[in-house]
Each structure stands twice: as C-alpha cells, then as structure tokens.
>>> print(open('final.csv').read())   # CSV, C-alpha atoms and all ligand atoms
chain,number,residue,atom,x,y,z
V,1,MET,CA,0.0,0.0,0.0
V,2,GLN,CA,1.3,3.4,-0.9
V,3,ALA,CA,0.7,6.3,1.5
V,4,VAL,CA,-1.3,9.0,-0.2
V,5,THR,CA,-0.6,12.5,1.0
V,6,GLN,CA,-1.9,15.8,0.0
V,7,PHE,CA,-0.2,19.2,0.1
V,8,THR,CA,-2.3,22.3,-0.1
V,9,PRO,CA,-0.2,25.5,-0.2
V,10,ALA,CA,-1.5,28.2,2.0
V,11,ALA,CA,-3.0,31.1,0.0
V,12,PRO,CA,-0.5,33.9,-0.1
V,13,ASP,CA,-1.4,37.0,1.7
V,14,TRP,CA,-0.7,39.4,-1.2
V,15,ASP,CA,-1.4,42.4,1.0
V,16,THR,CA,1.7,41.8,3.0
V,17,ALA,CA,3.7,39.2,1.1
V,18,GLN,CA,7.4,40.0,0.6
V,19,GLY,CA,7.0,43.2,2.7
V,20,VAL,CA,5.3,44.8,-0.3
V,21,GLU,CA,1.8,46.2,0.3
V,22,CYS,CA,-0.7,46.7,-2.4
V,23,LYS,CA,-3.2,49.4,-1.6
V,24,ASN,CA,-5.5,50.5,-4.4
V,25,GLY,CA,-2.9,49.7,-7.0
V,26,SER,CA,-0.1,51.6,-5.3
V,27,MET,CA,3.1,50.1,-3.8
V,28,THR,CA,4.9,51.0,-0.6
V,29,SER,CA,8.3,50.0,-1.9
V,30,SER,CA,10.2,51.8,-4.7
V,31,PRO,CA,11.0,50.0,-7.9
V,32,SER,CA,14.7,49.2,-8.4
V,33,THR,CA,16.8,50.6,-11.2
V,34,PRO,CA,19.3,47.9,-12.2
V,35,ALA,CA,21.6,48.3,-15.2
V,36,LEU,CA,19.7,47.3,-18.4
V,37,ALA,CA,20.8,45.4,-21.4
V,38,LEU,CA,19.0,44.5,-24.6
V,39,THR,CA,19.9,41.5,-26.8
V,40,ILE,CA,18.7,41.4,-30.4
V,41,ALA,CA,19.2,37.7,-31.0
V,42,GLY,CA,17.8,34.4,-32.1
V,43,SER,CA,16.3,31.7,-30.0
V,44,GLU,CA,18.4,28.4,-29.9
V,45,ALA,CA,16.0,25.8,-28.7
V,46,THR,CA,18.4,23.6,-26.7
V,47,GLY,CA,19.1,26.6,-24.4
V,48,GLY,CA,22.9,26.7,-24.8
V,49,ALA,CA,23.3,29.5,-27.3
V,50,GLY,CA,21.5,32.6,-28.6
V,51,ALA,CA,19.1,34.7,-26.6
V,52,GLN,CA,18.7,32.1,-23.9
V,53,ALA,CA,22.5,32.3,-23.2
V,54,ASP,CA,22.4,36.1,-23.3
V,55,LEU,CA,19.5,36.4,-20.9
V,56,LYS,CA,21.0,33.9,-18.4
V,57,THR,CA,24.4,35.7,-18.5
V,58,PHE,CA,22.8,39.1,-18.0
V,59,GLN,CA,20.9,37.9,-15.0
V,60,GLU,CA,24.0,36.2,-13.5
V,61,LEU,CA,25.9,39.4,-13.8
V,62,GLY,CA,23.2,41.5,-12.1
V,63,VAL,CA,21.8,43.2,-15.2
V,64,PHE,CA,18.1,43.3,-16.2
V,65,GLY,CA,17.9,41.5,-19.5
V,66,ILE,CA,15.6,42.3,-22.4
V,67,VAL,CA,15.3,40.2,-25.6
V,68,ASN,CA,14.1,41.2,-29.1
V,69,LEU,CA,13.9,37.9,-31.0
V,70,THR,CA,15.2,37.8,-34.6
V,71,CYS,CA,14.8,34.1,-35.5
V,72,ILE,CA,14.2,30.7,-34.1
V,73,VAL,CA,16.9,28.1,-34.6
V,74,SER,CA,16.1,24.4,-34.0
V,75,PHE,CA,19.0,22.0,-34.4
V,76,ASP,CA,18.1,19.0,-36.6
V,77,PRO,CA,19.1,15.8,-34.8
V,78,ALA,CA,18.3,13.8,-38.0
V,79,ASN,CA,20.6,16.0,-40.1
V,80,ASP,CA,23.9,16.1,-38.2
V,81,TRP,CA,22.5,18.7,-35.8
V,82,GLY,CA,22.5,21.4,-38.5
V,83,HIS,CA,20.5,24.6,-38.0
V,84,ARG,CA,16.8,24.8,-39.0
V,85,PHE,CA,16.3,28.5,-39.2
V,86,VAL,CA,13.0,30.5,-39.2
V,87,PRO,CA,13.2,34.3,-39.3
V,88,VAL,CA,10.9,36.5,-37.4
V,89,GLU,CA,8.9,38.8,-39.6
V,90,PRO,CA,10.7,42.2,-40.0
V,91,GLN,CA,7.6,44.0,-38.8
V,92,VAL,CA,7.5,41.9,-35.6
V,93,ILE,CA,11.2,42.7,-35.0
V,94,ALA,CA,10.4,46.4,-35.5
V,95,ASP,CA,7.5,46.1,-33.1
V,96,GLN,CA,9.7,44.6,-30.4
V,97,LEU,CA,12.3,47.4,-30.8
V,98,GLU,CA,9.5,49.9,-30.6
V,99,ALA,CA,8.1,48.5,-27.4
V,100,THR,CA,11.6,48.3,-25.8
V,101,THR,CA,12.5,51.8,-26.8
V,102,ALA,CA,9.1,53.2,-25.5
V,103,ALA,CA,9.7,51.5,-22.1
V,104,TYR,CA,13.4,52.1,-21.6
V,105,GLY,CA,14.8,54.4,-24.4
V,106,ALA,CA,16.2,57.9,-23.8
V,107,ALA,CA,12.8,59.6,-24.4
V,108,SER,CA,10.9,57.1,-22.3
V,109,GLY,CA,11.1,58.9,-19.0
V,110,ALA,CA,12.5,55.7,-17.4
V,111,PRO,CA,14.9,56.5,-14.5
V,112,GLN,CA,17.4,54.0,-15.8
V,113,VAL,CA,17.9,54.4,-19.6
V,114,LEU,CA,18.7,51.5,-21.8
V,115,ASP,CA,22.0,52.5,-23.4
V,116,THR,CA,23.6,49.0,-24.1
V,117,VAL,CA,22.7,46.5,-26.7
V,118,LYS,CA,24.1,43.2,-27.8
V,119,ILE,CA,23.5,42.0,-31.4
V,120,GLY,CA,23.6,38.3,-31.9
V,121,MET,CA,22.3,36.2,-34.8
V,122,LEU,CA,20.3,38.3,-37.3
V,123,GLY,CA,20.4,35.7,-40.0
V,124,SER,CA,18.9,37.5,-43.0
V,125,PRO,CA,19.4,40.7,-45.0
V,126,ALA,CA,15.8,41.8,-44.2
V,127,THR,CA,16.4,41.4,-40.5
V,128,ILE,CA,19.7,43.3,-40.8
V,129,ALA,CA,18.0,46.2,-42.6
V,130,THR,CA,15.3,46.4,-39.9
V,131,VAL,CA,17.8,46.3,-37.0
V,132,ARG,CA,20.0,48.9,-38.7
V,133,GLU,CA,17.1,51.2,-39.2
V,134,ALA,CA,16.2,51.0,-35.5
V,135,LEU,CA,19.8,51.4,-34.3
V,136,LYS,CA,21.2,54.0,-36.6
V,137,ASP,CA,19.3,56.9,-34.9
V,138,ALA,CA,19.1,55.4,-31.4
V,139,ASP,CA,21.9,56.8,-29.3
V,140,PHE,CA,23.2,53.6,-27.7
V,141,LYS,CA,26.4,54.1,-25.8
V,142,ASN,CA,27.5,50.5,-26.1
V,143,VAL,CA,26.7,48.3,-29.2
V,144,VAL,CA,28.3,44.9,-28.8
V,145,LEU,CA,28.3,42.9,-32.0
V,146,ASP,CA,28.8,39.1,-31.9
V,147,PRO,CA,29.2,38.9,-35.7
V,148,VAL,CA,27.5,35.5,-36.2
V,149,LEU,CA,28.4,34.8,-39.8
V,150,ILE,CA,27.5,31.8,-41.9
V,151,CYS,CA,25.1,29.5,-40.1
V,152,LYS,CA,25.2,25.8,-41.0
V,153,GLY,CA,22.0,24.8,-42.8
V,154,GLN,CA,21.5,28.1,-44.7
V,155,GLU,CA,22.0,27.9,-48.4
V,156,PRO,CA,25.3,29.5,-49.3
V,157,GLY,CA,24.0,32.3,-51.6
V,158,HIS,CA,21.7,33.5,-48.8
V,159,ALA,CA,24.4,33.3,-46.2
V,160,LEU,CA,26.8,35.3,-48.3
V,161,ASP,CA,24.2,38.1,-48.7
V,162,THR,CA,23.7,38.0,-45.0
V,163,ASP,CA,27.4,38.2,-44.2
V,164,THR,CA,27.9,41.1,-46.6
V,165,ALA,CA,24.9,43.0,-45.1
V,166,LEU,CA,26.2,42.4,-41.6
V,167,THR,CA,29.6,43.7,-42.4
V,168,GLU,CA,28.4,46.8,-44.4
V,169,GLN,CA,25.4,47.8,-42.3
V,170,ILE,CA,25.9,46.6,-38.7
V,171,LEU,CA,29.6,46.5,-38.1
V,172,PRO,CA,30.0,50.3,-38.5
V,173,LEU,CA,27.5,50.8,-35.7
V,174,ALA,CA,29.4,48.5,-33.3
V,175,THR,CA,31.5,49.9,-30.4
V,176,PHE,CA,32.7,46.4,-29.4
V,177,VAL,CA,33.0,43.3,-31.6
V,178,THR,CA,33.7,39.7,-30.6
V,179,PRO,CA,34.6,37.6,-33.7
V,180,ASN,CA,35.6,34.0,-33.3
V,181,HIS,CA,38.5,32.5,-35.3
V,182,PHE,CA,36.5,32.0,-38.5
V,183,GLU,CA,34.7,35.4,-38.3
V,184,ALA,CA,38.1,37.1,-37.6
V,185,GLU,CA,39.5,35.5,-40.7
V,186,SER,CA,36.5,36.5,-42.7
V,187,LEU,CA,36.4,40.1,-41.4
V,188,SER,CA,40.1,40.8,-41.6
V,189,GLY,CA,40.7,38.8,-44.8
V,190,MET,CA,43.7,37.2,-43.1
V,191,ALA,CA,44.6,33.6,-42.4
V,192,ILE,CA,45.0,33.1,-38.6
V,193,GLY,CA,47.3,30.2,-37.6
V,194,ASN,CA,48.8,31.6,-34.3
V,195,VAL,CA,48.5,34.3,-31.7
V,196,GLU,CA,50.6,36.8,-33.7
V,197,ASP,CA,48.1,36.4,-36.6
V,198,LEU,CA,45.2,36.9,-34.2
V,199,LYS,CA,46.8,40.1,-32.9
V,200,ALA,CA,47.2,41.4,-36.5
V,201,ALA,CA,43.6,40.4,-37.3
V,202,ALA,CA,42.3,42.2,-34.2
V,203,ARG,CA,44.2,45.4,-35.2
V,204,LYS,CA,42.7,45.1,-38.8
V,205,ILE,CA,39.2,44.6,-37.5
V,206,HIS,CA,39.6,47.6,-35.2
V,207,GLU,CA,40.8,49.7,-38.2
V,208,LEU,CA,37.7,48.6,-40.3
V,209,SER,CA,35.2,49.1,-37.5
V,210,GLY,CA,36.6,51.6,-35.0
V,211,ALA,CA,35.3,49.3,-32.4
V,212,ALA,CA,37.1,47.6,-29.5
V,213,VAL,CA,37.8,44.0,-30.6
V,214,LEU,CA,38.0,40.8,-28.7
V,215,ALA,CA,39.1,38.2,-31.3
V,216,LYS,CA,38.8,34.7,-30.0
V,217,GLY,CA,41.3,32.0,-30.8
V,218,GLY,CA,39.5,29.4,-28.7
V,219,VAL,CA,40.2,25.8,-29.5
V,220,ARG,CA,41.1,26.7,-33.1
V,221,LEU,CA,44.6,27.7,-32.1
V,222,GLU,CA,47.1,25.1,-31.0
V,223,GLY,CA,48.5,25.1,-27.5
V,224,ALA,CA,47.6,24.5,-23.9
V,225,ASP,CA,45.8,27.8,-23.5
V,226,ALA,CA,42.7,29.3,-25.0
V,227,VAL,CA,43.9,32.6,-26.2
V,228,ASP,CA,41.8,35.7,-27.1
V,229,VAL,CA,43.2,39.1,-28.2
V,230,PHE,CA,41.8,42.4,-27.1
V,231,PHE,CA,42.5,45.6,-29.0
V,232,ASP,CA,40.8,49.0,-28.8
V,233,GLY,CA,43.2,51.2,-30.7
V,234,GLU,CA,45.4,51.8,-27.7
V,235,THR,CA,45.7,48.7,-25.6
V,236,LEU,CA,46.5,45.3,-27.0
V,237,GLU,CA,46.1,42.6,-24.4
V,238,VAL,CA,46.4,38.8,-24.8
V,239,LEU,CA,43.8,37.1,-22.5
V,240,SER,CA,44.6,33.5,-21.9
V,241,ALA,CA,43.3,30.7,-19.7
V,242,PRO,CA,44.3,27.0,-19.7
V,243,LYS,CA,42.1,25.1,-22.2
V,244,VAL,CA,39.5,22.9,-20.5
V,245,GLY,CA,39.4,20.6,-23.6
V,246,GLU,CA,39.8,20.7,-27.4
V,247,VAL,CA,36.1,20.8,-28.2
V,248,ALA,CA,34.0,23.9,-28.6
V,249,VAL,CA,31.2,24.3,-26.1
V,250,SER,CA,27.8,25.5,-27.2
V,251,GLY,CA,27.1,29.1,-26.2
V,252,ALA,CA,30.6,30.1,-25.4
V,253,GLY,CA,30.7,32.9,-28.0
V,254,CYS,CA,27.2,34.2,-27.1
V,255,SER,CA,28.0,34.1,-23.4
V,256,LEU,CA,31.3,35.9,-23.9
V,257,ALA,CA,29.7,38.7,-25.8
V,258,ALA,CA,26.8,38.8,-23.4
V,259,ALA,CA,29.1,39.1,-20.4
V,260,VAL,CA,31.0,41.9,-22.1
V,261,THR,CA,27.6,43.6,-22.7
V,262,ALA,CA,26.5,43.2,-19.1
V,263,GLU,CA,29.8,44.6,-17.8
V,264,LEU,CA,29.6,47.6,-20.1
V,265,ALA,CA,26.0,48.2,-19.0
V,266,LYS,CA,27.3,48.4,-15.4
V,267,GLY,CA,29.9,50.9,-16.4
V,268,ALA,CA,33.1,48.8,-16.9
V,269,THR,CA,35.7,49.9,-19.4
V,270,ALA,CA,36.0,47.8,-22.6
V,271,LEU,CA,39.2,46.1,-21.3
V,272,GLU,CA,37.7,45.4,-17.8
V,273,ALA,CA,34.6,44.0,-19.6
V,274,ALA,CA,36.8,41.7,-21.7
V,275,ARG,CA,38.7,40.4,-18.7
V,276,THR,CA,35.6,39.7,-16.7
V,277,ALA,CA,33.9,38.0,-19.7
V,278,LYS,CA,36.9,35.8,-20.3
V,279,SER,CA,36.8,34.5,-16.7
V,280,PHE,CA,33.0,34.1,-16.8
V,281,VAL,CA,33.3,31.9,-19.9
V,282,THR,CA,36.2,29.9,-18.6
V,283,GLU,CA,34.2,29.0,-15.5
V,284,GLY,CA,31.1,28.3,-17.5
V,285,ILE,CA,33.1,25.9,-19.7
V,286,ARG,CA,34.5,24.1,-16.6
V,287,ASN,CA,30.9,23.7,-15.3
V,288,ARG,CA,29.4,22.9,-18.8
V,289,VAL,CA,26.2,21.0,-19.0
V,290,ALA,CA,25.9,17.5,-20.5
V,291,SER,CA,23.2,16.5,-23.0
V,292,GLY,CA,22.3,13.8,-25.4
V,293,ALA,CA,23.4,16.0,-28.3
V,294,PRO,CA,27.0,15.7,-29.5
V,295,PHE,CA,28.0,18.9,-27.7
V,296,THR,CA,27.9,20.3,-24.2
V,297,ALA,CA,26.5,23.7,-23.2
V,298,LEU,CA,28.1,26.4,-21.3
V,299,TRP,CA,26.8,26.9,-17.7
V,300,GLN,CA,26.0,30.6,-17.2
V,301,GLY,CA,26.2,30.3,-13.4
V,302,GLY,CA,29.8,31.5,-13.4
V,303,ALA,CA,32.1,29.9,-10.8
V,304,GLY,CA,29.1,28.5,-8.9
V,305,ALA,CA,28.8,24.9,-10.2
V,306,PRO,CA,25.3,23.7,-11.0
V,307,PRO,CA,23.7,22.0,-8.0
V,308,ALA,CA,24.0,18.2,-8.4
V,309,ARG,CA,20.7,16.2,-8.6
V,401,LIG,O1,26.6,30.5,-31.3
V,401,LIG,C1,26.1,31.2,-32.4
V,401,LIG,C2,24.6,31.2,-32.3
V,401,LIG,C3,23.9,32.4,-32.1
V,401,LIG,N1,22.6,32.5,-32.1
V,401,LIG,C4,21.8,31.4,-32.3
V,401,LIG,C5,22.4,30.2,-32.6
V,401,LIG,C6,23.8,30.1,-32.6
V,401,LIG,C7,24.4,28.8,-32.8
V,401,LIG,O2,23.8,27.8,-32.9
V,401,LIG,O3,21.6,29.1,-32.8
V,401,LIG,C8,20.3,31.6,-32.3
>>> encode(input="final.csv", output="structure tokens")
Amino acid sequence: MQAVTQFTPAAPDWDTAQGVECKNGSMTSSPSTPALALTIAGSEATGGAGAQADLKTFQELGVFGIVNLTCIVSFDPANDWGHRFVPVEPQVIADQLEATTAAYGAASGAPQVLDTVKIGMLGSPATIATVREALKDADFKNVVLDPVLICKGQEPGHALDTDTALTEQILPLATFVTPNHFEAESLSGMAIGNVEDLKAAARKIHELSGAAVLAKGGVRLEGADAVDVFFDGETLEVLSAPKVGEVAVSGAGCSLAAAVTAELAKGATALEAARTAKSFVTEGIRNRVASGAPFTALWQGGAGAPPAR
C-alpha cells in the first residue's frame, strides 16, 4: 500500500507578502533601477546559445535583460544537428524594438535608460535592414556585436548576402565586436594560424570598424591555453586561460559577448569587460552541461557549479 498524502499550499497574503503592500494599486516599496541590457538575437531551442544564453548571462551578472527575437533556430538531430532556421517577420522585429524603446529608451522617462545593446544572430538581409534602421538613430552608448556569420543549414547564396549586409550595415554601428576564429579571418581577410596572426587580425578589424575588438582563438589555435586578443586602438592585451578541452562548447561565444555587454552596461571599461567576460566563460566551460546531443552547453552560473541532482 502506498501512502497518499496531499499538500495544499497556504493562499499567499498578497497584501503583506514580501513586505510589499498593495493598496488601491499603489506600492509602498520603490522600484529598483538595475543596469539594463538588450539583446537582439535568435532563440536556440536547446538553451545553450542565442538569446537564452544572453539572458542567463545578464541575470547572473546582475543586469536586467531584455530580448528582441530575430529568428528561431532548432538544431536538426536527423541532419547532423545542422540549423533549422526560421526568421521572425521584419515588422515583428520592429514592433519589439518599438516596445523596448518606448519602455526604456532615452525619451521614455525611465529613471534608468537602456544604453547598451548586444547584437547576436540576425540571420537574413531583411532582419539586418530592420535592425540597422532602428539602431542608426538610437543613441546607444554600447553596441556589442557578436558577428554571427555563416550559419550551418543556410544555403550559401543567402548566407553570403547576410554576411555582406552584416559587415556593411551593422559593423560600422558597433562599439565592441567579438569575432571567433572563423569570423576574424573573414572580417580581416587574413589567415589566422597563431597568436601573432590573431593580434594582426584584431588590429585590422579595429581599423575597419573603429570598435574595441575581442578576437577569439578558442580551441582553433594550437597550444595548452585558450587565447583571445583584445585591441581597442590603444591597448593590446592577450587574454589566456588553460584550455579545458579541445572541443568547442555551445554558447561560449554568445555568453562571452553577453558578459561583455553586461559589464559595459554596469559601467566597466572595454578592457575590464573583456577580462571579466573571459573569466566568466572559462568558469562556464569548466561547469558545462551534459546533454544527449554531440555537444555540451556552457553553464552561465559562473564559478558556482550547477547543483547536483
Ligand atoms: O553561437 C552562435 C549562435 C547564435 N545565435 C543562435 C544560434 C547560434 C548557434 O547555434 O543558434 C540563435
């Protein structure tokens, strides 16, 4: 015989719950004004990358995260885990940007203004045009671009158009850019085989964009350390940490750029943001999350390991 028990939660006393009293719609506590960050990014359904990674990173670093969704990516387990990609209608993207700006933009009257945006996967020339239109007149202090270039599963002609549009229309708006090895080669037009090449590419991408650059060597460069290069036109710094393994972890690039974004939103300098982001990602890779897919996912809980079950 199994024992049958019943649990009935007590009805919350909303009038006094959490020390917040509601009286005729008014509150007795003041709203908080955390740093704010917007990510304009795609959904990645397994939760490792994309907007999901950005939002978790923002929260972990104490920043109120806002998402404007550009596309939905569903990996295809029956097709080598390639990307199935569905764009969000340009008008719906414009609507999201309009709502966000009305709530938190410079003219919104919000006590804490949204001045920091991260741009992740845009995925199509139409999306890029919509995002450029919204951003070009908005006065964002920090525009962090994770230049997500060719996406597996897209047909090459389309991907090339997208890459060209991203480079021509969005890169000039960026104040901080975080290319991975492939993207750094593509943007700089240089082959990158070692750290000296990565430094030269970071300088070149800074010249092209005017942005601070964090070029990632990751597991693509040989050696015991995962090496990234920061260059902002003045300071060149090599950030390195012992490699955890030789396999890329899903969400590492998104989380790195999201951590940079969160730190900039809180007022860090570009170099400070790059250093904090590098440690955040190194810890997140150490604490990566296992799955049934042929990849692991970065843990956005920083140094705090996930609780064991
Ligand atoms: O990691 C790049 C990336 C960004 N955004 C979305 C993705 C991916 C990779 O899969 O799916 C939505």
>>> residues_near_ligand(input="final.csv", ligand="ligand LIG 401 (chain V)", cutoff="8 Å", atoms="only C-alpha atoms and all ligand atoms", output="list in words")
Ala41, Gly42, Ser43, Glu44, Ala45, Ala49, Gly50, Ala51, Cys71, Ile72, Val73, Ser74, Phe75, His83, Gly120, Met121, Val148, Cys151, Ser250, Gly251, Ala252, Gly253 and Cys254 of chain V
>>> closest_residue(input="final.csv", among="V:Ala297, V:Val144, V:Val229, V:Ile66", to="V:Ala259", atoms="only C-alpha atoms")
V:Val144
>>> closest_residue(input="final.csv", among="V:Gln112, V:Gln52, V:Thr261, V:Thr101", to="V:Asp146", atoms="all atoms listed in the file")
V:Thr261
>>> residues_around(input="final.csv", residues="stretch 218-228 of chain V", least_positions_apart="6", cutoff="9 Å", atoms="all atoms listed in the file", output="short mmCIF file (atom, residue, chain, number, x, y, z; two decimals) with C-alpha atoms, in the coordinates of the input")
data_model
loop_
_atom_site.label_atom_id
_atom_site.label_comp_id
_atom_site.auth_asym_id
_atom_site.auth_seq_id
_atom_site.Cartn_x
_atom_site.Cartn_y
_atom_site.Cartn_z
CA ASN V 180 35.60 34.00 -33.30
CA HIS V 181 38.50 32.50 -35.30
CA PHE V 182 36.50 32.00 -38.50
CA ILE V 192 45.00 33.10 -38.60
CA GLY V 193 47.30 30.20 -37.60
CA ASN V 194 48.80 31.60 -34.30
CA VAL V 195 48.50 34.30 -31.70
CA LEU V 198 45.20 36.90 -34.20
CA LYS V 199 46.80 40.10 -32.90
CA GLU V 237 46.10 42.60 -24.40
CA VAL V 238 46.40 38.80 -24.80
CA LEU V 239 43.80 37.10 -22.50
CA SER V 240 44.60 33.50 -21.90
CA ALA V 241 43.30 30.70 -19.70
CA PRO V 242 44.30 27.00 -19.70
CA LYS V 243 42.10 25.10 -22.20
CA VAL V 244 39.50 22.90 -20.50
CA GLY V 245 39.40 20.60 -23.60
CA GLU V 246 39.80 20.70 -27.40
CA VAL V 247 36.10 20.80 -28.20
CA ALA V 248 34.00 23.90 -28.60
CA LYS V 278 36.90 35.80 -20.30
#
>>> atom_distance(input="final.csv", atom1="atom CA of V:Thr276", atom2="atom CA of V:Ala201")
22.1 Å
>>> atom_distance(input="final.csv", atom1="atom CA of V:Asp161", atom2="atom CA of V:Pro125")
6.6 Å
>>> atom_distance(input="final.csv", atom1="atom CA of V:Gln96", atom2="atom CA of V:Thr130")
11.2 Å
>>> closest_residue(input="final.csv", among="V:Leu114, V:Ala274, V:Ile205, V:Val249", to="V:Pro294", atoms="all atoms listed in the file")
V:Val249
>>> closest_residue(input="final.csv", among="V:Thr116, V:Thr296, V:Ser30, V:Thr175", to="V:Ala265", atoms="all atoms listed in the file")
V:Thr116
>>> residues_around(input="final.csv", residues="V:Ile119", least_positions_apart="2", cutoff="6 Å", atoms="only C-alpha atoms", output="PDB file with C-alpha atoms, in the frame of the given file")
ATOM      1  CA  THR V  39      19.900  41.500 -26.800  1.00  0.00           C
ATOM      2  CA  ILE V  40      18.700  41.400 -30.400  1.00  0.00           C
ATOM      3  CA  LEU V 145      28.300  42.900 -32.000  1.00  0.00           C
TER       4      LEU V 145
END
>>> closest_residue(input="final.csv", among="V:Leu264, V:Ala53, V:Leu36, V:Leu122", to="V:Val143", atoms="all atoms listed in the file")
V:Leu264
>>> build_atoms(input="final.csv", residues="stretch 31-43 of chain V", atoms="N, CA and C atoms", output="PDB file, in the coordinates of the input")
ATOM      1  N   PRO V  31      10.448  50.939  -6.946  1.00  0.00           N
ATOM      2  CA  PRO V  31      11.000  50.000  -7.900  1.00  0.00           C
ATOM      3  C   PRO V  31      12.551  50.170  -7.960  1.00  0.00           C
ATOM      4  N   SER V  32      13.232  49.078  -8.307  1.00  0.00           N
ATOM      5  CA  SER V  32      14.700  49.200  -8.400  1.00  0.00           C
ATOM      6  C   SER V  32      15.103  49.662  -9.774  1.00  0.00           C
ATOM      7  N   THR V  33      16.322  50.077  -9.890  1.00  0.00           N
ATOM      8  CA  THR V  33      16.800  50.600 -11.200  1.00  0.00           C
ATOM      9  C   THR V  33      18.125  49.930 -11.543  1.00  0.00           C
ATOM     10  N   PRO V  34      18.050  48.620 -11.831  1.00  0.00           N
ATOM     11  CA  PRO V  34      19.300  47.900 -12.200  1.00  0.00           C
ATOM     12  C   PRO V  34      19.804  48.412 -13.564  1.00  0.00           C
ATOM     13  N   ALA V  35      21.067  48.099 -13.852  1.00  0.00           N
ATOM     14  CA  ALA V  35      21.600  48.300 -15.200  1.00  0.00           C
ATOM     15  C   ALA V  35      20.735  47.475 -16.163  1.00  0.00           C
ATOM     16  N   LEU V  36      20.533  47.984 -17.376  1.00  0.00           N
ATOM     17  CA  LEU V  36      19.700  47.300 -18.400  1.00  0.00           C
ATOM     18  C   LEU V  36      20.519  46.917 -19.569  1.00  0.00           C
ATOM     19  N   ALA V  37      20.190  45.781 -20.172  1.00  0.00           N
ATOM     20  CA  ALA V  37      20.800  45.400 -21.400  1.00  0.00           C
ATOM     21  C   ALA V  37      19.832  44.727 -22.340  1.00  0.00           C
ATOM     22  N   LEU V  38      19.876  45.094 -23.599  1.00  0.00           N
ATOM     23  CA  LEU V  38      19.000  44.500 -24.600  1.00  0.00           C
ATOM     24  C   LEU V  38      19.853  43.531 -25.465  1.00  0.00           C
ATOM     25  N   THR V  39      19.325  42.340 -25.744  1.00  0.00           N
ATOM     26  CA  THR V  39      19.900  41.500 -26.800  1.00  0.00           C
ATOM     27  C   THR V  39      18.983  41.356 -27.943  1.00  0.00           C
ATOM     28  N   ILE V  40      19.494  41.620 -29.127  1.00  0.00           N
ATOM     29  CA  ILE V  40      18.700  41.400 -30.400  1.00  0.00           C
ATOM     30  C   ILE V  40      19.311  40.120 -30.936  1.00  0.00           C
ATOM     31  N   ALA V  41      18.604  39.019 -30.766  1.00  0.00           N
ATOM     32  CA  ALA V  41      19.200  37.700 -31.000  1.00  0.00           C
ATOM     33  C   ALA V  41      18.200  36.670 -31.355  1.00  0.00           C
ATOM     34  N   GLY V  42      18.704  35.504 -31.768  1.00  0.00           N
ATOM     35  CA  GLY V  42      17.800  34.400 -32.100  1.00  0.00           C
ATOM     36  C   GLY V  42      17.654  33.441 -30.948  1.00  0.00           C
ATOM     37  N   SER V  43      16.546  32.717 -30.976  1.00  0.00           N
ATOM     38  CA  SER V  43      16.300  31.700 -30.000  1.00  0.00           C
ATOM     39  C   SER V  43      17.063  30.401 -30.457  1.00  0.00           C
TER      40      SER V  43
END
